[in-house]
Every structure is written in structure tokens, then in C-alpha cells.
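entry-v5.txt, holding compact mmCIF, C-alpha atoms:
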# COMPACT_ATOMS: atom_id res chain seq x y z
CA MET A 20 -149.61 100.81 -56.95
CA SER A 21 -146.72 103.11 -56.12
CA SER A 22 -143.89 103.64 -58.62
CA PHE A 23 -141.53 102.05 -56.10
CA ALA A 24 -143.70 98.93 -55.96
CA GLN A 25 -143.87 98.81 -59.74
CA ASN A 26 -140.08 98.94 -60.03
CA ARG A 27 -139.36 96.31 -57.40
CA PRO A 28 -137.54 93.26 -58.77
CA LYS A 29 -139.42 89.99 -59.12
CA SER A 30 -137.16 88.52 -56.43
CA TYR A 31 -138.75 90.89 -53.93
CA LEU A 32 -142.16 89.35 -54.50
CA LEU A 33 -140.72 85.84 -54.30
CA GLU A 34 -139.27 86.74 -50.90
CA ARG A 35 -142.77 87.58 -49.68
CA VAL A 36 -144.26 84.21 -50.66
CA ASP A 37 -145.45 82.17 -47.67
CA PHE A 38 -142.74 79.52 -47.72
CA ILE A 39 -144.34 77.52 -44.91
CA ALA A 40 -147.24 76.75 -47.25
CA VAL A 41 -144.84 76.13 -50.16
CA ALA A 42 -142.81 73.69 -48.04
CA ILE A 43 -145.91 71.74 -47.01
CA VAL A 44 -147.11 71.48 -50.61
CA PHE A 45 -143.68 70.26 -51.73
CA LEU A 46 -143.55 67.71 -48.87
CA LEU A 47 -146.95 66.35 -49.89
CA MET A 48 -145.73 66.03 -53.50
CA VAL A 49 -142.69 64.07 -52.29
CA VAL A 50 -144.83 61.86 -50.03
CA GLY A 51 -147.11 61.21 -52.97
CA TRP A 52 -144.30 60.26 -55.34
CA ILE A 53 -142.67 57.91 -52.77
CA ASN A 54 -145.94 56.09 -52.22
CA ILE A 55 -146.75 55.92 -55.93
CA TYR A 56 -143.35 54.31 -56.43
CA SER A 57 -144.11 51.87 -53.59
CA SER A 58 -147.49 50.99 -55.09
CA GLU A 59 -145.79 49.93 -58.36
CA TYR A 60 -142.62 48.36 -56.97
CA THR A 61 -142.10 44.65 -57.62
CA ASP A 62 -139.09 42.36 -57.68
CA ASP A 63 -139.15 42.65 -61.47
CA GLN A 64 -139.72 46.40 -61.49
CA LYS A 65 -137.21 48.23 -59.29
CA LYS A 66 -136.36 51.28 -61.40
CA ILE A 67 -136.65 54.53 -59.47
CA LEU A 68 -137.67 56.34 -62.64
CA ASP A 69 -139.60 54.46 -65.29
CA PHE A 70 -141.46 56.93 -67.47
CA SER A 71 -143.74 54.16 -68.74
CA LEU A 72 -145.14 53.78 -65.22
CA SER A 73 -147.02 56.14 -62.92
CA ASN A 74 -144.00 56.94 -60.72
CA GLY A 75 -142.06 58.29 -63.69
CA LYS A 76 -145.04 60.13 -65.13
CA GLN A 77 -145.72 61.70 -61.74
CA ILE A 78 -142.21 63.20 -61.70
CA ILE A 79 -143.09 64.88 -64.98
CA ASN A 80 -146.43 66.04 -63.51
CA ILE A 81 -144.66 67.52 -60.49
CA GLY A 82 -142.04 69.22 -62.68
CA ILE A 83 -144.71 70.80 -64.90
CA ALA A 84 -146.70 71.86 -61.84
CA LEU A 85 -143.66 73.56 -60.26
CA VAL A 86 -142.86 75.42 -63.48
CA PHE A 87 -146.50 76.45 -63.65
CA ALA A 88 -146.29 77.64 -60.03
CA LEU A 89 -143.25 79.79 -60.79
CA ILE A 90 -144.98 81.36 -63.80
CA ILE A 91 -147.98 82.23 -61.61
CA LEU A 92 -145.71 83.90 -59.05
CA LEU A 93 -144.15 86.05 -61.79
CA LEU A 94 -147.49 87.28 -63.15
CA ASN A 95 -149.20 90.51 -62.13
CA GLY A 96 -151.39 89.83 -59.09
CA ARG A 97 -154.23 91.99 -60.43
CA LEU A 98 -154.62 89.68 -63.42
CA PHE A 99 -156.50 87.00 -61.49
CA ASP A 100 -159.23 89.37 -60.32
CA THR A 101 -159.64 90.63 -63.89
CA ILE A 102 -159.94 87.24 -65.60
CA SER A 103 -162.05 85.47 -62.95
CA TYR A 104 -165.29 85.35 -64.93
CA LEU A 105 -163.35 84.45 -68.09
CA ILE A 106 -161.79 81.41 -66.39
CA TYR A 107 -165.23 80.38 -65.09
CA GLY A 108 -166.75 80.76 -68.57
CA VAL A 109 -163.98 78.70 -70.18
CA ALA A 110 -164.51 76.02 -67.51
CA ILE A 111 -168.24 75.81 -68.26
CA VAL A 112 -167.55 75.54 -72.02
CA LEU A 113 -165.04 72.74 -71.36
CA LEU A 114 -167.55 70.91 -69.14
CA LEU A 115 -170.24 71.14 -71.82
CA TYR A 116 -167.81 69.97 -74.50
CA THR A 117 -166.83 67.04 -72.28
CA LEU A 118 -170.48 66.17 -71.72
CA VAL A 119 -170.98 65.90 -75.49
CA SER A 120 -167.63 64.61 -76.77
CA GLY A 121 -165.63 63.63 -73.71
CA LYS A 122 -163.80 60.37 -73.13
CA VAL A 123 -165.37 57.88 -70.71
CA VAL A 124 -163.04 56.72 -67.91
CA HIS A 125 -164.39 54.50 -65.11
CA ALA A 126 -167.99 55.16 -66.23
CA ALA A 127 -167.58 58.96 -65.97
CA LYS A 128 -167.60 61.03 -69.16
CA GLY A 129 -165.26 63.67 -67.81
CA TRP A 130 -162.04 63.59 -69.83
CA ILE A 131 -160.86 65.63 -72.81
CA GLN A 132 -158.41 63.80 -75.07
CA ILE A 133 -155.87 65.80 -77.10
CA GLY A 134 -153.49 63.40 -78.83
CA SER A 135 -151.81 61.36 -76.10
CA PHE A 136 -152.65 64.01 -73.49
CA GLN A 137 -155.90 63.97 -71.51
CA PHE A 138 -157.25 66.07 -68.67
CA GLN A 139 -160.40 66.52 -66.60
CA ALA A 140 -162.40 69.67 -67.28
CA VAL A 141 -163.84 69.55 -63.75
CA GLU A 142 -160.41 70.50 -62.36
CA VAL A 143 -160.57 73.76 -64.30
CA ALA A 144 -164.15 74.22 -63.07
CA LYS A 145 -163.11 74.08 -59.39
CA LEU A 146 -160.58 76.85 -59.97
CA GLY A 147 -163.08 78.84 -62.06
CA ALA A 148 -165.82 78.55 -59.44
CA ALA A 149 -163.47 79.71 -56.66
CA MET A 150 -162.39 82.73 -58.71
CA ALA A 151 -165.90 83.64 -59.93
CA LEU A 152 -167.31 83.44 -56.43
CA ALA A 153 -164.52 85.66 -55.13
CA LYS A 154 -165.15 88.16 -57.94
CA LEU A 155 -168.90 88.26 -57.27
CA ILE A 156 -168.61 88.76 -53.51
CA SER A 157 -165.84 91.37 -53.87
CA THR A 158 -167.91 93.44 -56.31
CA HIS A 159 -169.05 96.71 -54.74
CA GLY A 160 -172.58 96.49 -53.39
CA THR A 161 -172.72 92.69 -53.26
CA ASP A 162 -174.09 91.33 -49.98
CA ILE A 163 -174.50 87.59 -49.66
CA ARG A 164 -177.35 88.19 -47.21
CA LYS A 165 -179.45 89.67 -50.03
CA VAL A 166 -181.65 87.19 -51.87
CA LYS A 167 -180.52 88.29 -55.35
CA ASP A 168 -176.81 88.03 -54.55
CA ARG A 169 -177.36 84.73 -52.75
CA VAL A 170 -179.16 83.27 -55.79
CA ILE A 171 -176.32 84.34 -58.11
CA ALA A 172 -173.72 82.86 -55.76
CA PHE A 173 -175.56 79.54 -55.58
CA GLY A 174 -175.94 79.64 -59.36
CA ILE A 175 -172.16 79.90 -59.78
CA ILE A 176 -171.78 76.83 -57.57
CA LEU A 177 -174.65 74.72 -58.91
CA LEU A 178 -174.12 75.17 -62.67
CA PRO A 179 -170.81 73.28 -62.92
CA MET A 180 -171.95 70.82 -60.27
CA LEU A 181 -175.03 69.84 -62.29
CA ILE A 182 -173.02 69.44 -65.50
CA VAL A 183 -170.52 67.21 -63.69
CA LEU A 184 -173.41 65.13 -62.31
CA LEU A 185 -174.64 64.64 -65.88
CA GLN A 186 -171.14 63.34 -66.68
CA ASN A 187 -171.75 60.63 -64.06
CA ASP A 188 -168.93 61.94 -61.85
CA THR A 189 -170.69 62.11 -58.48
CA GLY A 190 -167.47 62.44 -56.46
CA SER A 191 -166.27 65.57 -58.26
CA ALA A 192 -169.77 67.06 -58.15
CA ILE A 193 -169.91 66.69 -54.36
CA VAL A 194 -166.79 68.84 -54.03
CA PHE A 195 -168.69 71.91 -55.24
CA PHE A 196 -170.70 71.82 -52.01
CA ALA A 197 -167.47 72.98 -50.37
CA PHE A 198 -168.10 76.51 -51.61
CA VAL A 199 -171.08 76.84 -49.25
CA LEU A 200 -168.47 77.15 -46.48
CA VAL A 201 -167.08 80.20 -48.30
CA LEU A 202 -170.52 81.82 -48.37
CA TYR A 203 -170.97 81.09 -44.67
CA ARG A 204 -167.74 82.99 -43.94
CA GLU A 205 -169.13 85.93 -45.90
CA GLY A 206 -172.42 86.20 -43.98
CA LEU A 207 -174.63 83.32 -45.13
CA SER A 208 -177.13 82.24 -42.47
CA PRO A 209 -176.06 79.18 -40.41
CA LEU A 210 -179.36 77.58 -41.45
CA TYR A 211 -177.79 76.87 -44.83
CA LEU A 212 -175.35 74.58 -43.02
CA ILE A 213 -177.71 73.25 -40.35
CA ILE A 214 -180.47 72.25 -42.78
CA PRO A 215 -178.21 70.10 -45.06
CA ILE A 216 -176.78 68.42 -41.93
CA LEU A 217 -180.30 67.61 -40.70
CA ILE A 218 -181.22 66.34 -44.17
CA ALA A 219 -178.13 64.11 -44.18
CA ILE A 220 -178.95 62.74 -40.70
CA ILE A 221 -182.58 62.02 -41.61
CA SER A 222 -181.59 60.46 -44.96
CA LEU A 223 -178.95 58.25 -43.36
CA SER A 224 -181.37 57.22 -40.61
CA GLU A 225 -183.97 56.26 -43.21
CA LEU A 226 -181.46 54.18 -45.17
CA ILE A 227 -180.31 52.38 -42.03
CA ALA A 228 -183.59 51.93 -40.13
CA GLY A 229 -186.23 52.24 -42.85
CA VAL A 230 -189.08 54.66 -43.49
CA VAL A 231 -191.50 53.56 -40.74
CA PRO A 232 -189.15 53.90 -37.73
CA VAL A 233 -187.97 57.33 -38.89
CA LEU A 234 -191.56 58.55 -39.38
CA GLU A 235 -192.43 57.23 -35.91
CA VAL A 236 -189.54 59.17 -34.38
CA LEU A 237 -190.53 62.33 -36.27
CA GLY A 238 -194.13 61.92 -35.13
CA GLY A 239 -192.93 61.52 -31.56
CA LEU A 240 -190.88 64.68 -31.84
CA GLY A 241 -193.98 66.46 -33.13
CA VAL A 242 -196.07 65.38 -30.15
CA ILE A 243 -193.34 66.36 -27.67
CA GLY A 244 -192.88 69.69 -29.42
CA PHE A 245 -196.62 70.38 -29.30
CA LEU A 246 -196.76 69.69 -25.56
CA VAL A 247 -193.72 71.87 -24.86
CA LEU A 248 -194.24 74.70 -27.32
CA ARG A 249 -198.03 74.94 -27.63
CA ARG A 250 -198.04 78.45 -26.16
CA SER A 251 -195.62 79.71 -28.77
CA LYS A 252 -197.34 79.83 -32.17
CA ARG A 253 -194.17 80.74 -34.05
CA LEU A 254 -192.11 77.87 -32.65
CA LEU A 255 -195.01 75.47 -33.05
CA THR A 256 -195.41 76.49 -36.70
CA PHE A 257 -191.68 75.97 -37.26
CA LEU A 258 -191.86 72.54 -35.62
CA ALA A 259 -194.85 71.54 -37.76
CA ILE A 260 -193.06 72.62 -40.94
CA PHE A 261 -189.94 70.73 -39.88
CA VAL A 262 -191.78 67.49 -39.08
CA ILE A 263 -193.86 67.58 -42.29
CA SER A 264 -190.82 68.45 -44.44
CA ALA A 265 -188.73 65.75 -42.78
CA GLY A 266 -191.50 63.21 -43.38
CA VAL A 267 -191.73 64.14 -47.07
CA LEU A 268 -187.93 64.01 -47.29
CA THR A 269 -187.86 60.57 -45.72
CA MET A 270 -190.28 59.16 -48.28
CA GLY A 271 -188.43 61.01 -51.04
CA VAL A 272 -185.12 59.47 -49.99
CA SER A 273 -186.68 56.01 -50.11
CA PHE A 274 -188.06 56.62 -53.62
CA GLY A 275 -184.82 58.17 -54.89
CA PHE A 276 -182.65 55.42 -53.43
CA ASN A 277 -184.74 52.64 -54.95
CA HIS A 278 -185.72 54.19 -58.28
CA VAL A 279 -183.15 56.91 -59.15
CA PHE A 280 -179.81 55.62 -57.88
CA LYS A 281 -177.99 53.11 -60.05
CA ASP A 282 -177.33 49.58 -58.83
CA TYR A 283 -173.66 50.15 -58.08
CA GLN A 284 -174.46 53.35 -56.14
CA ARG A 285 -177.04 51.56 -53.97
CA GLU A 286 -174.60 48.73 -53.42
CA ARG A 287 -171.82 51.07 -52.25
CA ILE A 288 -174.13 52.89 -49.83
CA ASN A 289 -175.50 49.62 -48.42
CA ILE A 290 -171.97 48.39 -47.84
CA LEU A 291 -171.02 51.67 -46.15
CA ILE A 292 -173.95 51.58 -43.69
CA GLY A 293 -173.45 47.87 -43.01
CA LYS A 294 -176.63 46.56 -44.63
CA THR A 295 -174.68 44.24 -46.90
CA THR A 296 -171.15 42.90 -47.10
CA ASP A 297 -169.49 42.15 -50.40
CA GLN A 298 -165.79 41.73 -49.79
CA GLN A 299 -165.20 40.22 -53.21
CA GLY A 300 -167.36 42.64 -55.21
CA ALA A 301 -168.32 46.28 -54.58
CA GLY A 302 -166.78 46.26 -51.12
CA TYR A 303 -163.48 44.73 -52.22
CA ASN A 304 -161.51 47.99 -52.51
CA VAL A 305 -162.47 49.27 -49.08
CA HIS A 306 -162.00 45.86 -47.44
CA GLN A 307 -158.47 45.51 -48.82
CA SER A 308 -157.69 49.13 -47.95
CA LEU A 309 -158.69 48.54 -44.32
CA ILE A 310 -156.54 45.39 -44.22
CA ALA A 311 -153.57 47.36 -45.57
CA ILE A 312 -153.98 50.26 -43.13
CA GLY A 313 -154.66 47.97 -40.15
CA SER A 314 -151.66 45.75 -40.92
CA GLY A 315 -149.35 48.77 -40.67
CA GLY A 316 -149.80 48.95 -36.91
CA LEU A 317 -148.11 51.79 -35.08
CA THR A 318 -144.95 52.29 -37.14
CA GLY A 319 -145.69 50.39 -40.37
CA LYS A 320 -143.93 47.61 -42.24
CA GLY A 321 -141.34 49.91 -43.78
CA PHE A 322 -140.62 51.38 -47.21
CA LEU A 323 -141.33 48.87 -50.02
CA LYS A 324 -142.30 46.17 -47.47
CA GLY A 325 -146.05 46.42 -47.63
CA THR A 326 -147.49 43.08 -48.73
CA GLN A 327 -150.92 44.48 -49.65
CA THR A 328 -149.13 47.16 -51.64
CA LYS A 329 -146.45 44.96 -53.19
CA TYR A 330 -148.90 42.33 -54.39
CA ARG A 331 -151.44 44.94 -55.52
CA PHE A 332 -154.42 43.68 -53.57
CA VAL A 333 -155.89 47.20 -53.51
CA PRO A 334 -157.02 48.54 -56.92
CA LYS A 335 -156.32 52.19 -57.77
CA GLN A 336 -153.64 52.23 -55.10
CA SER A 337 -151.69 55.09 -56.69
CA THR A 338 -154.81 57.26 -57.14
CA ASP A 339 -157.99 56.97 -55.05
CA PHE A 340 -156.52 54.64 -52.40
CA ILE A 341 -153.02 56.07 -52.08
CA PHE A 342 -153.59 56.62 -48.35
CA CYS A 343 -153.67 52.89 -47.66
CA THR A 344 -150.08 52.66 -48.92
CA VAL A 345 -149.09 55.25 -46.33
CA GLY A 346 -150.94 53.33 -43.61
CA GLU A 347 -149.39 49.98 -44.45
CA GLU A 348 -145.78 51.06 -44.88
CA TYR A 349 -145.61 53.85 -42.26
CA GLY A 350 -148.34 52.85 -39.84
CA PHE A 351 -150.42 55.05 -37.58
CA LEU A 352 -147.54 57.46 -37.01
CA GLY A 353 -146.92 57.97 -40.73
CA SER A 354 -150.63 58.34 -41.45
CA ALA A 355 -150.98 60.84 -38.61
CA ALA A 356 -148.02 62.81 -39.98
CA VAL A 357 -149.69 63.08 -43.41
CA VAL A 358 -152.99 64.14 -41.81
CA LEU A 359 -151.10 66.71 -39.72
CA LEU A 360 -149.50 68.11 -42.88
CA TYR A 361 -152.95 68.67 -44.40
CA ILE A 362 -154.35 70.21 -41.22
CA THR A 363 -151.35 72.54 -41.01
CA LEU A 364 -151.75 73.51 -44.67
CA LEU A 365 -155.46 74.23 -44.21
CA TYR A 366 -154.70 76.29 -41.09
CA ARG A 367 -152.03 78.18 -43.00
CA ILE A 368 -154.43 78.94 -45.87
CA ILE A 369 -156.99 80.32 -43.41
CA VAL A 370 -154.32 82.48 -41.76
CA ILE A 371 -153.27 83.77 -45.20
CA SER A 372 -156.91 84.43 -46.14
CA GLU A 373 -157.70 86.37 -42.97
CA ARG A 374 -154.75 88.72 -43.35
CA GLN A 375 -155.80 89.86 -46.82
CA LYS A 376 -156.71 93.52 -47.33
CA PHE A 377 -158.91 92.78 -50.33
CA ILE A 378 -162.18 90.87 -50.27
CA PHE A 379 -161.37 89.03 -53.50
CA ASN A 380 -158.19 87.59 -51.97
CA ARG A 381 -159.93 86.50 -48.77
CA VAL A 382 -162.90 84.85 -50.48
CA TYR A 383 -160.64 83.09 -52.97
CA GLY A 384 -158.45 81.83 -50.11
CA TYR A 385 -161.44 80.31 -48.36
CA GLY A 386 -162.46 78.72 -51.66
CA VAL A 387 -159.07 77.02 -51.90
CA ALA A 388 -159.26 75.86 -48.27
CA SER A 389 -162.77 74.46 -48.73
CA VAL A 390 -161.93 72.47 -51.87
CA LEU A 391 -158.76 71.04 -50.33
CA PHE A 392 -160.64 70.13 -47.15
CA PHE A 393 -163.36 68.26 -49.04
CA HIS A 394 -160.84 66.32 -51.13
CA PHE A 395 -158.73 65.48 -48.09
CA ALA A 396 -161.68 64.44 -45.89
CA ILE A 397 -163.54 62.42 -48.55
CA ASN A 398 -160.46 60.63 -49.92
CA ILE A 399 -159.22 59.53 -46.50
CA GLY A 400 -162.80 58.73 -45.50
CA MET A 401 -163.03 56.39 -48.52
CA ALA A 402 -159.81 54.61 -47.54
CA LEU A 403 -161.12 54.11 -43.99
CA GLY A 404 -164.57 52.97 -45.08
CA LEU A 405 -166.24 56.08 -43.64
CA PHE A 406 -167.45 57.44 -46.99
CA PRO A 407 -168.73 55.77 -50.17
CA VAL A 408 -166.15 55.19 -52.89
CA VAL A 409 -166.65 58.18 -55.21
CA GLY A 410 -163.20 58.45 -56.77
CA ILE A 411 -161.57 61.77 -55.96
CA PRO A 412 -157.81 62.25 -55.49
CA LEU A 413 -155.83 63.14 -52.38
CA PRO A 414 -154.43 66.63 -53.12
CA PHE A 415 -150.76 66.71 -54.21
CA VAL A 416 -150.37 63.02 -53.26
CA SER A 417 -152.49 60.94 -55.64
CA TYR A 418 -151.20 60.21 -59.13
CA GLY A 419 -152.62 62.43 -61.84
CA GLY A 420 -151.59 65.37 -63.99
CA SER A 421 -154.95 67.19 -64.07
CA SER A 422 -155.39 67.22 -60.30
CA MET A 423 -151.73 68.10 -59.69
CA LEU A 424 -151.91 71.13 -61.99
CA SER A 425 -155.30 72.18 -60.64
CA PHE A 426 -154.32 72.08 -56.96
CA THR A 427 -150.97 73.74 -57.69
CA ALA A 428 -152.64 76.53 -59.65
CA MET A 429 -155.23 77.13 -56.93
CA MET A 430 -152.60 77.19 -54.21
CA PHE A 431 -150.03 79.38 -55.95
CA ILE A 432 -152.57 81.92 -57.17
CA LEU A 433 -153.43 82.41 -53.50
CA LEU A 434 -149.74 82.70 -52.59
CA LYS A 435 -149.27 85.27 -55.36
CA LEU A 436 -152.25 87.29 -54.14
CA ASP A 437 -150.84 87.14 -50.62
CA ALA A 438 -147.36 88.22 -51.76
CA THR A 439 -148.81 91.31 -53.45
CA ASN A 440 -151.52 91.89 -50.84
CA SER A 441 -150.54 95.50 -50.10
CA GLU A 442 -149.37 96.50 -53.55
CA TYR A 443 -152.52 97.03 -55.61
This entry written out as C-alpha cells:
Amino acid sequence: MSSFAQNRPKSYLLERVDFIAVAIVFLLMVVGWINIYSSEYTDDQKKILDFSLSNGKQIINIGIALVFALIILLLNGRLFDTISYLIYGVAIVLLLYTLVSGKVVHAAKGWIQIGSFQFQAVEVAKLGAAMALAKLISTHGTDIRKVKDRVIAFGIILLPMLIVLLQNDTGSAIVFFAFVLVLYREGLSPLYLIIPILIAIISLSELIAGVVPVLEVLGGLGVIGFLVLRRSKRLLTFLAIFVISAGVLTMGVSFGFNHVFKDYQRERINILIGKTTDQQGAGYNVHQSLIAIGSGGLTGKGFLKGTQTKYRFVPKQSTDFIFCTVGEEYGFLGSAAVVLLYITLLYRIIVISERQKFIFNRVYGYGVASVLFFHFAINIGMALGLFPVVGIPLPFVSYGGSSMLSFTAMMFILLKLDATNSEY
């Protein structure tokens, strides 16, 4: 760094922060607080700020997050590259501690309790994994197309994911799959995306139609492939491997679904694919969420006028199902505006990532984009009945201190790296 850059005032760096991204994040925080307030509003509870309720606590969460963001912007940008593996290591230790001594909330043993304060270690793990992956790929000589480097990269992703699965927090564990998108940007073969998609299609087909119909279709594909490709030994070999593997997978899915999954997990998946309906039991949340969103129509019922919201028909309406409050009170247009905010933020993060001069910055930026995308897509998918209920928050909108601090830290570290992009 030049002596001139070293002597520049902190205000200079603040001027270089991408304020479009900052504005979107702040807007999402405001949208979240308004809808949390709506979800708790009753004729007997009209206070704008009640620190005994979620709306008041969320103001505190937002305030702490913004102070945290400012501190990050004032730190030396080179620090984050240096401490990447340390943050990842601390995250793994916290996950292991939680697995042994954590507090159980909603059947997941994922919380650390310190006095009256509690937080989720997995939120630290998402940040740590993004930073560790960026550090690995930016290390001189690392090439994600090499088997050794690819194995290490997948190890960084899978280790926290497996620990979180052991904590019975399937939703948070799924989010770690997002980092595969980062590896794809850095040269990973498209097969690593195509194969999981094919596995998902085959698995879903088996759950919907059953083992026998899927095996019949796969056998038919094998016969057709043999007739078409019999002169090409390589393609025929690939087809045979695919059909055999898919057949084994199909039977494995059936065994896993019936003998490994827990009752409530099977019930949620059956409701999602339409095999069963349980509007008063496991499917209650989604059913009420769809009623709330559908009743909003084009423009919504108006602020504080949502009946589903006001009478609390939807459980977890300030956390997992916050989007249904938006749909009911602001309708399709309000929901579309929130979705557009997220799409714009994701686009902005990708733009920021691509203009980085340093590999660490770019890889980290894609890590942030991938995690935000998974949270956004899965949470809204849950509210619309397009994804099983797995309990992950809507970034910057859902109530929660751990997630608010985690997303803010991830976002503002990227903004700090971008602000100092040419200065180290």
C-alpha cells in the first residue's frame, strides 16, 4: 500500500463503499421491522416500541448490527484475509461445543446460551466457510480443477454441514450446498451441478411415483440409448453407468425415506409433493401462509389490516414465515417489490465480486451471494409451499439477532474489501 493510501482519512474509505448495496440492506431491515411489528400488533398491543416483544428487540438487533457494520468498515481490509482460517476454526469449535452442550430450540440443538443472551453457532460457520474457501482458492498454486484442491474445498464445506446435521438442523445444513456455486465460478466442472440436479429429479420422481415406475422409465432409457448409441462404446458405457447408478439411487432413496428419515420429515415431504394433506397438523403452517398470501390480492389489505396476521393464524410469522405478512398486507405488488430488492442486491454483489482485483475478494463475494440466494429462495419457497418447512430466516427481514449479525457481517466485510480493492 502506498504511503498516500495509508495516510488517507477513514472518511475516504467510507466514500468508496457501495451505497447502493448499503441502501438495499437498510431497506430490507426496515421492511423486516415493519412486518415484525405487524405480526405482533393487536388491539391490546399497539406500542411502536415494546422491548419485551420481538419488534422492540429487533430494533436493538438492527442497532447492534449497524454499529458492527461501521466497525468492520473502519478495520484494515487485509485483516479478513489473514484471519480467515482462524474464523473457520473458531466456528467449528463452536459447532462442536453446541453439539455437546448446546440448547435445544425447536428440536435442533444449535444454540449457545450465555446468561440471557443466546446465538446460533451455525451463523458463524457460514461466515467462516465463506472466508476459508476464499482463502484456500486465493492461495498461490491452488487450482480447483485439481483433485487434491477440490477435496480440500469440499472438506471445508462438508465439515460444518455434517456437524449441523448432527444437531438436527437440516435447514441450516442445506445452506452449505450454496458454496458449490462458488466452486463452479472458480472452474469446477458443470457435472458437479448437473449430477445433483439429476439426483434430485430422480429422487423426487421416486417419492411421487414410486420405485417401480421410475425403474421402468430408466430401463426404457437404457434400451433407447443402446439402440441409438450402440456404435459408440464410450457413450454406451456412460449410459450404462448412469442407468445402473440411477437404479441404485432410486432404491436407496426409498430405503432412506422409509427407514432413515424421521416421521415429521416424511410427513413434510409427503405434504409438499401432494401425497397427503394435513391442514391441521404438519401442513398447517404452509396452508395458513398460502391463505394469507392469497388473501392479499394485488395490492394487499393494508398496513396492520391483515386478518391472518392480526389473529396470528400463522405460527412463526415474525421469523420463518415473515413473507406471508408481506403478501397479506401489501399483496402481489409488495411481495414483488421485496423479491426485486433481493434480486437487485444479489446482482449488486455479483457486480462487486467481478470487479475485484484480488481472488480472495471475488471468491468471498460469490460466497456471500450464494448464501443469501439460498436463504432467500428457500424461505420464500417455504412460504409458498414450494419447499419443505426447514426453518431458515429471510435475510435482514426475519426476526433474530444471530442471523441479523451474521448477514450484516458477511455483507459489510465484502463492502470493506471492495472499498479497499486497489489499496493492498
* When you draw a straight line from CA of Ile39 (chain A) to CA of Leu364 (chain A), how long is it in Å? ->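 According to the coordinates, CA of Ile39 (chain A) and CA of Leu364 (chain A) are separated by 8.4 Å.
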* **Ala42 (chain A) environment, 12 Å, all atoms listed in the file, sequence neighbours closer than 5 positions dropped, as a VMD selection string** => chain A and resid 36 to 37 47 to 49 360 to 361 363 to 364 367
* Asked: Restricting the calculation to only C-alpha atoms, which member of A:Tyr366, A:Val199, A:Phe136, A:Ser191 is positioned closest to Phe173 (chain A)?
  -> A:Val199
* How many Å lie between CA of Glu142 (chain A) and CA of Val50 (chain A), rounded to one decimal? ->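 Between CA of Glu142 (chain A) and CA of Val50 (chain A) the gap works out to 21.7 Å.
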* Asked: What is the CA of Ser314 (chain A)-CA of Glu347 (chain A) distance in Å, reported with one decimal?
  ->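 Taking CA of Ser314 (chain A) as the start and CA of Glu347 (chain A) as the end point, the length is 6.0 Å.
Closest approach to Val333 (chain A) among A:Met401, A:Val166, A:Tyr303, A:Ala355: A:Tyr303, based on all atoms listed in the file.
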* Asked: Using only C-alpha atoms, which residues sit within 12 Å of region 315-324 of chain A once same-chain residues fewer than 2 positions away are excluded, as a PyMOL selection string?
  -> chain A and resi 50+53-62+64-65+67+308-313+326-330+342-356
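The smallest atom-to-atom distance between Ile90 (chain A) and any of A:Ala428, A:Asp188, A:Ser157, A:Trp52, using all atoms listed in the file, is found for A:Ala428.
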* Asked: Restricting the calculation to only C-alpha atoms, which member of A:Ile91, A:Ile131, A:Val305, A:Leu105 is positioned closest to Thr117 (chain A)?
  ->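 Looking only at the distances to Thr117 (chain A), the closest residue turns out to be A:Ile131.
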* Asked: For Val409 (chain A), which residue out of A:Gln139, A:Thr189, A:Asn80, A:Ser224 is the nearest one, using only C-alpha atoms?
  -> A:Thr189
